[in-house]
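Participant: Here it is, the structure, as structure tokens.
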Amino acid sequence: MTEKNEKTALILLGCPQVPVQTSMALYLVHGLKEHGIRPVIAGTVAARKLMEVADPDRYYVSEMTDLDAAIDEITGKERDFDLCFVFIHNDSGIAYAGTMAYISKARVYALLFGEHAQDLAGEIEFPCEVVAAKAVHNPMPLKRKLDKVMQWAVSKR
């Protein structure tokens with residue numbers, strides 16, 4: 001259970017088809033924890049398994065849940081978050097981000113990556129902060145943009 005005043009962030013991970021997703025998710029979790037924000041990862045089975053293998057002692061990943069279970073909890077008003085980072089590399093990622101924008105009070109950050117990141121960014125028609133980079137194997141283009149966003153995302157209370 002989290003303290004009442006503790007800031008929380010939901011990190012949504014879809015299909016881990018594009019290699020940079022797992023490393024960037026771990027990097028994001030690290031950054032959030034460094035700023036005192038409790039990260040919760042919600043993802044597909046494959047995405048969660050990759051996170052478990054990458055962090056076997058759960059040093060970074062303290063809480064994980066099923067993607068649909070997290071959405072059900074938010075929809076049912078059982079739980080909500082202050083921030084929500086959605087990793088997007090295809091249309092279904094956009095649908096998840098749009099869902100979060102409408103069901104959650106969280107400030108939503110759409111993290112678009114992969115070969116078609118810029119094209120996908122043009123499809124977003126809901127309120128969120130868009131971070132897009134053509135990152136497939138090399139996470140650095142997305143990392144640089146995420147670093148800029150994180151500076152002010154974690155400072156807003």
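In the structure tokens, chains take the letters A, B, ... in the order shown, each chain's residues start at 1, and ligands count up from 1 in the order shown.
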May I have all residues of chain A that DSSP, computed from the backbone, assigns to strand (DSSP E or B), given as JSON, numbers by chain?
Facilitator: {"A": [8, 9, 10, 11, 12, 13, 38, 39, 40, 41, 42, 43, 64, 65, 66, 83, 84, 85, 86, 87, 88, 107, 108, 109, 110, 111, 112, 129, 130, 131, 132]}
Participant: Restrict the selected residues to C-alpha atoms and save them as a CSV table (one decimal), in the first residue's frame.
Facilitator:
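Generated output (selection-v5.csv):
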```csv
chain,number,residue,atom,x,y,z
A,8,THR,CA,2.5,7.5,-8.2
A,9,ALA,CA,3.1,6.7,-11.9
A,10,LEU,CA,1.7,4.0,-14.1
A,11,ILE,CA,3.9,2.7,-16.9
A,12,LEU,CA,1.9,0.9,-19.6
A,13,LEU,CA,3.8,-1.6,-21.7
A,38,ARG,CA,6.3,5.1,-6.9
A,39,PRO,CA,6.2,3.4,-10.3
A,40,VAL,CA,3.7,0.6,-11.1
A,41,ILE,CA,4.2,-1.3,-14.3
A,42,ALA,CA,1.2,-2.6,-16.2
A,43,GLY,CA,1.9,-4.7,-19.2
A,64,MET,CA,3.7,-5.1,-11.7
A,65,THR,CA,0.2,-5.9,-12.8
A,66,ASP,CA,-1.7,-7.0,-15.9
A,83,LEU,CA,1.3,10.3,-13.9
A,84,CYS,CA,0.9,7.7,-16.7
A,85,PHE,CA,3.6,6.9,-19.3
A,86,VAL,CA,2.3,4.8,-22.2
A,87,PHE,CA,4.9,3.2,-24.5
A,88,ILE,CA,3.6,3.2,-28.0
A,107,ARG,CA,-1.2,13.4,-16.6
A,108,VAL,CA,-0.6,11.1,-19.6
A,109,TYR,CA,2.7,11.0,-21.5
A,110,ALA,CA,2.6,9.2,-24.9
A,111,LEU,CA,6.1,7.8,-25.5
A,112,LEU,CA,6.2,6.9,-29.2
A,129,GLU,CA,2.1,15.1,-23.7
A,130,VAL,CA,3.7,13.5,-26.8
A,131,VAL,CA,7.3,12.3,-26.8
A,132,ALA,CA,8.2,10.8,-30.2
```
Participant: Near Pro139 of chain A, counting only C-alpha atoms, which residues have an atom at most 10 Å away, once you skip same-chain residues fewer than 6 positions from it, shown as a list of chain:residue names?
Facilitator: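 These residues fall inside the cut-off: A:Pro19, A:Val20, A:Gln21, A:Thr22, A:Ser23, A:Met24, A:Phe113, A:Gly114, A:Ala133.
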Participant: Restricting the output to C-alpha atoms, write the selected residues as a compact mmCIF listing (two decimals), in the first residue's frame.
Facilitator:
```
# COMPACT_ATOMS: atom_id res chain seq x y z
CA PRO A 19 13.74 -3.77 -28.51
CA VAL A 20 14.06 -0.36 -26.84
CA GLN A 21 10.85 -0.69 -24.81
CA THR A 22 12.26 -2.78 -21.96
CA SER A 23 15.43 -0.76 -21.44
CA MET A 24 13.55 2.54 -21.62
CA PHE A 113 9.08 4.95 -30.57
CA GLY A 114 9.95 2.69 -33.47
CA ALA A 133 11.56 9.43 -31.41
```
Participant: As a ChimeraX atom specification, please: the residues near segment 45-58 of chain A (cut-off 6 Å, only C-alpha atoms, same-chain neighbours under 3 positions excluded).
Facilitator: /A:16,61-62
Participant: Have a look at A:Thr99, A:Asn5, A:Ser155, A:Asn90 and name the one nearest to Asp68 of chain A; count only C-alpha atoms.
Facilitator: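 Checking each candidate against Asp68 of chain A, we get A:Thr99 as the closest.
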Participant: Nearest to Gly122 of chain A: which of A:Asp91, A:Lys143, A:Asn138, A:Lys105 is it, counting only C-alpha atoms?
Facilitator: A:Asp91
Participant: Between A:Cys15, A:Ala101, A:Tyr59, A:His89, which residue has the minimum interatomic distance to Lys33 of chain A, considering only C-alpha atoms?
Facilitator: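 Closest to Lys33 of chain A, using only C-alpha atoms: A:Tyr59.
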